[in-house]
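Asks: Sharing a structure here in structure tokens format.
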Amino acid sequence: MNILRLSTRREEQQMSVKRVKSLLFYEAAGTPSGRIVRTLIERGPLSAREIGLSTGLAKSTVSTALHELRLASMVIDRRPANGRSHGVGRPATVVSLNPQAGTCVGLLIGAEHMQLIVADVSHAVLSDRTLHLGTDYSVAEAPGRAAEMLEQAYAELHLSRDTLLGVGIAVGGPVNPLDGRVLRPGGMPNWAGVDIRAMFEPVLQQAVFADNESNCSAIAEMTWGAAVGQEDFVFFTVDLGVGGAIVSHGRVVTGIAGGAGEFGHISIDPAGELCRCGNRGCLELHASLRRPLELASRRLDRPVDTEELIALALAGDVGCQRLLTDTAEAAGRGLAMVGSAINPGLVVLGGRAALAGELFMAPLEAAYDRHTLVKRSDVAPEAATRFVASRFSRNSACMGAVGMVLRHYGRRC
Ligand SMILES: [Zn+2]
């Protein structure tokens with residue numbers, strides 16, 4: 001009896017997975033059900049009203065399609081998560097894709113580790129694990145290690161691999177959107193030229209989506225973070241490196257070869273120091289946290305790490321405050337060039353510099369305003385560039401790799 005019930009449940013699950021997969025493919029893109037499933041997988045649980053606004057479908061069409069999707073066990077009604085804002089009048093329930101209807105994996109390839117997150121199509125994180133590999137792990141062993149991590153995660157969750165829609169991979173360098181090859185990764189030179197899709201797809205036996213860490217982090221910000229509901233914004237990271245992403249019409253701009261949003265390598269001094277990218281005088285040399293960390297370590301005559309530098313500054317250490325303020329001003333000057341090029345409505349500041357809060361944000365904004373063409377005082381408040389800190393203190397790139405599958409599944413030809 002139990003075996004029968006178990007096998008029936010498994011069959012129902014397989015059916016839901018198949019239906020969701022079919023509704024995400026091109027043929028279903030124009031149908032009301034296809035549009036609703038696409039919206040729910042990209043944005044997570046929504047009220048019926050929000051589904052109507054997002055898809056542009058009439059209220060009655062949304063209602064009929066949701067009824068059919070409920071009958072097919074593809075969506076379920078649930079209470080909104082705590083803290084979710086729905087504006088005036090919180091709905092009693094939101095609609096979510098059935099968690100049984102599919103899972104996604106995000107894989108972050110770091111210089112010394114790999115991180116793997118499993119989430120379901122309702123956006124719940126089911127598993128998050130990290131494997132430390134050391135600095136000398138070879139590129140060739142990475143796909144096999146990733147496959148082991150994936151196998152272990154699904155075994156522990158008692159989940160069938162058949163539920164998996166795809167694997168998103170975040171790497172520390174630009175990825176060519178046409179062929180999936182990694183280009184010039186500053187921090188991970190042995191990955192240069194590696195074709196991520198060709199390398200991982202046969203081993204993982206799954207559709208693989210790949211992009212660089214910053215672009216993935218931007219996807220995390222627009223899916224769960226500080227840019228939810230924003231179609232156009234700039235993501236700007238200041239940490240040991242400087243980087244970012246440009247999001248336009250809800251899509252990360254990759255550029256023709258994957259090189260868009262590499263703000264850290266805007267050369268601001270042609271005769272300046274040599275950068276790790278091979279160019280001279282890159283913004284990253286002036287605006288990353290490396291220089292202030294060196295100076296703070298020299299001042300205190302012991303190694304100081306990023307968290308301590310920020311803690312000392314926030315606790316009132318004038319020298320550490322000055323080091324962060326100078327860095328924020330340099331970062332703001334560089335970002336002002338991006339501002340003059342694309343005049344964004346929103347800048348999301350990521351990286352650990354964001355942990356310093358206003359101490360970093362205020363001089364960054366002031367320098368941006370001083371050096372960009374359109375000033376805050378030139379325009380109405382709603383036309384001024386807004387600055388907000390990322391809501392992710394960790395995991396943004398790996399969660400973004402999950403988000404990449406949620407957004408791109410079925411769209412690849
Ligand atoms: Zn550079």
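All residue names refer to the structure tokens as shown: chains lettered A, B, ... in order, residues numbered from 1 in each chain, ligands numbered from 1 in order.
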Give me, as a list in words, all polymer residues having an atom no more than 6 Å from Cys216 (chain A), counting only C-alpha atoms and skipping those fewer than 6 positions away in the same chain.
Replies: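 My list of contacting residues is Ala397, Gly400 and Ala401 of chain A.
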Asks: Can you tell me which residues sit at most 10 Å away from ligand 1, counting only C-alpha atoms and all ligand atoms, written as a PyMOL selection string?
Replies: chain A and resi 186+241-242+262-267+273-285
Asks: Kindly save the residues from that selection, with all heavy atoms included, as a compact mmCIF listing (two decimals), in the first residue's frame.
Replies:
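So the final result, stored in selection-v9.txt, reads:
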```txt
# COMPACT_ATOMS: atom_id res chain seq x y z
N GLY A 186 40.66 37.68 -14.10
CA GLY A 186 41.80 38.24 -13.38
C GLY A 186 42.26 37.39 -12.21
O GLY A 186 43.44 37.09 -12.06
N GLY A 241 38.13 43.56 -5.27
CA GLY A 241 38.12 44.02 -6.65
C GLY A 241 36.97 45.00 -6.82
O GLY A 241 36.18 45.22 -5.89
N VAL A 242 36.88 45.60 -7.99
CA VAL A 242 35.74 46.49 -8.32
C VAL A 242 35.09 45.91 -9.57
O VAL A 242 35.77 45.51 -10.51
CB VAL A 242 36.23 47.93 -8.60
CG1 VAL A 242 35.09 48.80 -9.13
CG2 VAL A 242 36.81 48.54 -7.33
N GLU A 262 32.27 45.74 -16.70
CA GLU A 262 33.58 45.54 -16.04
C GLU A 262 34.11 46.91 -15.59
O GLU A 262 35.15 47.38 -16.06
CB GLU A 262 34.56 44.84 -17.00
CG GLU A 262 34.19 43.41 -17.30
CD GLU A 262 34.41 42.47 -16.11
OE1 GLU A 262 35.23 42.80 -15.24
OE2 GLU A 262 33.75 41.43 -16.05
N PHE A 263 33.38 47.52 -14.65
CA PHE A 263 33.71 48.89 -14.25
C PHE A 263 35.11 49.03 -13.64
O PHE A 263 35.72 50.07 -13.72
CB PHE A 263 32.68 49.41 -13.24
CG PHE A 263 31.25 49.29 -13.71
CD1 PHE A 263 30.28 48.78 -12.86
CD2 PHE A 263 30.89 49.67 -14.99
CE1 PHE A 263 28.96 48.66 -13.28
CE2 PHE A 263 29.58 49.56 -15.42
CZ PHE A 263 28.61 49.05 -14.56
N GLY A 264 35.57 47.98 -13.00
CA GLY A 264 36.88 48.03 -12.33
C GLY A 264 38.02 48.24 -13.31
O GLY A 264 39.11 48.67 -12.91
N HIS A 265 37.77 47.93 -14.58
CA HIS A 265 38.87 48.02 -15.56
C HIS A 265 38.69 49.17 -16.54
O HIS A 265 39.22 49.15 -17.65
CB HIS A 265 39.08 46.66 -16.23
CG HIS A 265 39.40 45.63 -15.19
ND1 HIS A 265 40.63 45.55 -14.59
CD2 HIS A 265 38.60 44.72 -14.57
CE1 HIS A 265 40.59 44.60 -13.65
NE2 HIS A 265 39.37 44.09 -13.62
N ILE A 266 37.94 50.19 -16.09
CA ILE A 266 37.95 51.46 -16.81
C ILE A 266 39.29 52.10 -16.47
O ILE A 266 39.62 52.29 -15.29
CB ILE A 266 36.80 52.38 -16.34
CG1 ILE A 266 35.44 51.77 -16.68
CG2 ILE A 266 36.93 53.77 -16.95
CD1 ILE A 266 34.26 52.51 -16.07
N SER A 267 40.08 52.39 -17.49
CA SER A 267 41.42 52.95 -17.25
C SER A 267 41.29 54.46 -17.02
O SER A 267 40.87 55.19 -17.91
CB SER A 267 42.31 52.66 -18.45
OG SER A 267 43.57 53.21 -18.24
N GLU A 273 49.74 52.71 -12.44
CA GLU A 273 50.27 51.37 -12.12
C GLU A 273 49.69 50.31 -13.06
O GLU A 273 48.58 50.48 -13.57
CB GLU A 273 49.82 51.00 -10.70
CG GLU A 273 50.69 51.49 -9.59
CD GLU A 273 50.07 51.06 -8.26
OE1 GLU A 273 50.06 49.86 -7.96
OE2 GLU A 273 49.57 51.95 -7.54
N LEU A 274 50.43 49.21 -13.18
CA LEU A 274 49.95 48.10 -13.99
C LEU A 274 48.87 47.33 -13.21
O LEU A 274 49.05 47.02 -12.04
CB LEU A 274 51.12 47.17 -14.31
CG LEU A 274 50.94 46.22 -15.48
CD1 LEU A 274 50.78 46.99 -16.80
CD2 LEU A 274 52.14 45.28 -15.57
N CYS A 275 47.75 47.07 -13.89
CA CYS A 275 46.64 46.34 -13.25
C CYS A 275 46.79 44.83 -13.53
O CYS A 275 47.47 44.43 -14.48
CB CYS A 275 45.32 46.84 -13.82
SG CYS A 275 43.86 45.98 -13.24
N ARG A 276 46.10 43.99 -12.73
CA ARG A 276 46.17 42.53 -12.95
C ARG A 276 45.61 42.14 -14.32
O ARG A 276 45.91 41.08 -14.84
CB ARG A 276 45.44 41.79 -11.83
CG ARG A 276 43.95 42.04 -11.77
CD ARG A 276 43.34 41.47 -10.49
NE ARG A 276 41.98 41.97 -10.28
CZ ARG A 276 40.89 41.25 -10.41
NH1 ARG A 276 40.96 39.99 -10.77
NH2 ARG A 276 39.70 41.78 -10.21
N CYS A 277 44.82 43.05 -14.95
CA CYS A 277 44.25 42.74 -16.26
C CYS A 277 45.25 43.02 -17.38
O CYS A 277 45.02 42.67 -18.53
CB CYS A 277 42.97 43.55 -16.50
SG CYS A 277 43.27 45.30 -16.82
N GLY A 278 46.36 43.69 -17.05
CA GLY A 278 47.36 43.99 -18.07
C GLY A 278 47.31 45.44 -18.53
O GLY A 278 48.22 45.92 -19.22
N ASN A 279 46.24 46.14 -18.16
CA ASN A 279 46.12 47.55 -18.53
C ASN A 279 46.77 48.41 -17.43
O ASN A 279 47.17 47.91 -16.39
CB ASN A 279 44.62 47.89 -18.67
CG ASN A 279 44.39 49.09 -19.57
OD1 ASN A 279 45.31 49.87 -19.85
ND2 ASN A 279 43.15 49.26 -20.00
N ARG A 280 46.85 49.69 -17.66
CA ARG A 280 47.42 50.60 -16.66
C ARG A 280 46.33 51.48 -16.05
O ARG A 280 45.41 51.89 -16.73
CB ARG A 280 48.45 51.52 -17.31
CG ARG A 280 49.84 50.94 -17.43
CD ARG A 280 50.77 52.02 -17.96
NE ARG A 280 52.11 51.53 -18.20
CZ ARG A 280 53.04 51.43 -17.25
NH1 ARG A 280 52.78 51.79 -16.01
NH2 ARG A 280 54.25 50.99 -17.56
N GLY A 281 46.52 51.80 -14.78
CA GLY A 281 45.69 52.82 -14.12
C GLY A 281 44.20 52.50 -14.06
O GLY A 281 43.37 53.41 -14.13
N CYS A 282 43.85 51.22 -13.90
CA CYS A 282 42.42 50.86 -13.83
C CYS A 282 41.78 51.40 -12.55
O CYS A 282 42.45 51.54 -11.52
CB CYS A 282 42.26 49.34 -13.86
SG CYS A 282 42.62 48.65 -15.47
N LEU A 283 40.47 51.64 -12.63
CA LEU A 283 39.72 52.13 -11.47
C LEU A 283 39.93 51.23 -10.25
O LEU A 283 40.04 51.71 -9.12
CB LEU A 283 38.23 52.22 -11.84
CG LEU A 283 37.28 52.63 -10.71
CD1 LEU A 283 37.58 54.05 -10.24
CD2 LEU A 283 35.82 52.52 -11.15
N GLU A 284 39.99 49.93 -10.49
CA GLU A 284 40.14 48.97 -9.39
C GLU A 284 41.37 49.26 -8.51
O GLU A 284 41.35 49.03 -7.31
CB GLU A 284 40.23 47.56 -9.98
CG GLU A 284 40.32 46.48 -8.94
CD GLU A 284 40.15 45.10 -9.56
OE1 GLU A 284 39.00 44.73 -9.87
OE2 GLU A 284 41.15 44.41 -9.75
N LEU A 285 42.44 49.79 -9.13
CA LEU A 285 43.67 50.08 -8.37
C LEU A 285 43.45 51.22 -7.37
O LEU A 285 44.14 51.34 -6.38
CB LEU A 285 44.81 50.44 -9.32
CG LEU A 285 45.24 49.32 -10.28
CD1 LEU A 285 46.13 49.88 -11.38
CD2 LEU A 285 45.94 48.21 -9.52
```
Asks: Could you name the residues that touch region 364-369 of chain A at 7 Å or less, counting only C-alpha atoms, but leaving out those on the same chain fewer than 6 positions away, as a list in words?
Replies: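 Counting only C-alpha atoms, the residues come to Ala328, Glu329, Ala331, Gly332, Arg333, Leu335, Ala336, Lys375 and Arg376 of chain A.
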Asks: Would you please give, as a PyMOL selection string, all residues of region 36-266 of chain A that DSSP assigns to alpha helix (DSSP H) based on the backbone?
Replies: chain A and resi 36-43+48-55+59-71+142-156+196-204+213-224
Asks: So that I can see what lies close to Pro45 (chain A), please list as a compact mmCIF listing (two decimals) with N, CA and C atoms, in the first residue's frame the residues with an atom at most 7 Å from it, counting only C-alpha atoms and leaving out residues fewer than 3 positions away in the same chain.
Replies:
```
# COMPACT_ATOMS: atom_id res chain seq x y z
N LEU A 40 5.89 33.53 -12.52
CA LEU A 40 6.07 32.97 -11.17
C LEU A 40 7.46 32.37 -10.99
N VAL A 94 -0.88 34.36 -1.56
CA VAL A 94 -0.17 34.57 -2.82
C VAL A 94 -0.15 33.23 -3.55
N VAL A 95 0.11 33.30 -4.84
CA VAL A 95 0.18 32.08 -5.64
C VAL A 95 1.65 31.77 -5.89
N SER A 96 1.98 30.50 -5.74
CA SER A 96 3.37 30.10 -5.98
C SER A 96 3.35 28.89 -6.89
N SER A 122 9.54 27.29 -6.35
CA SER A 122 8.82 28.29 -5.56
C SER A 122 9.81 29.26 -4.90
```
Asks: Apply DSSP to the structure's backbone, then extract all residues of region 108-201 of chain A labelled strand (DSSP E or B) and return them as a count of residues only.
Replies: 30
Asks: Using only C-alpha atoms, which protein or nucleic acid residues come within 6 Å of region 343-352 of chain A? Drop anything in the same chain fewer than 6 positions from it, and give the result as number ranges by chain.
Replies: A: 233-239, 385-390
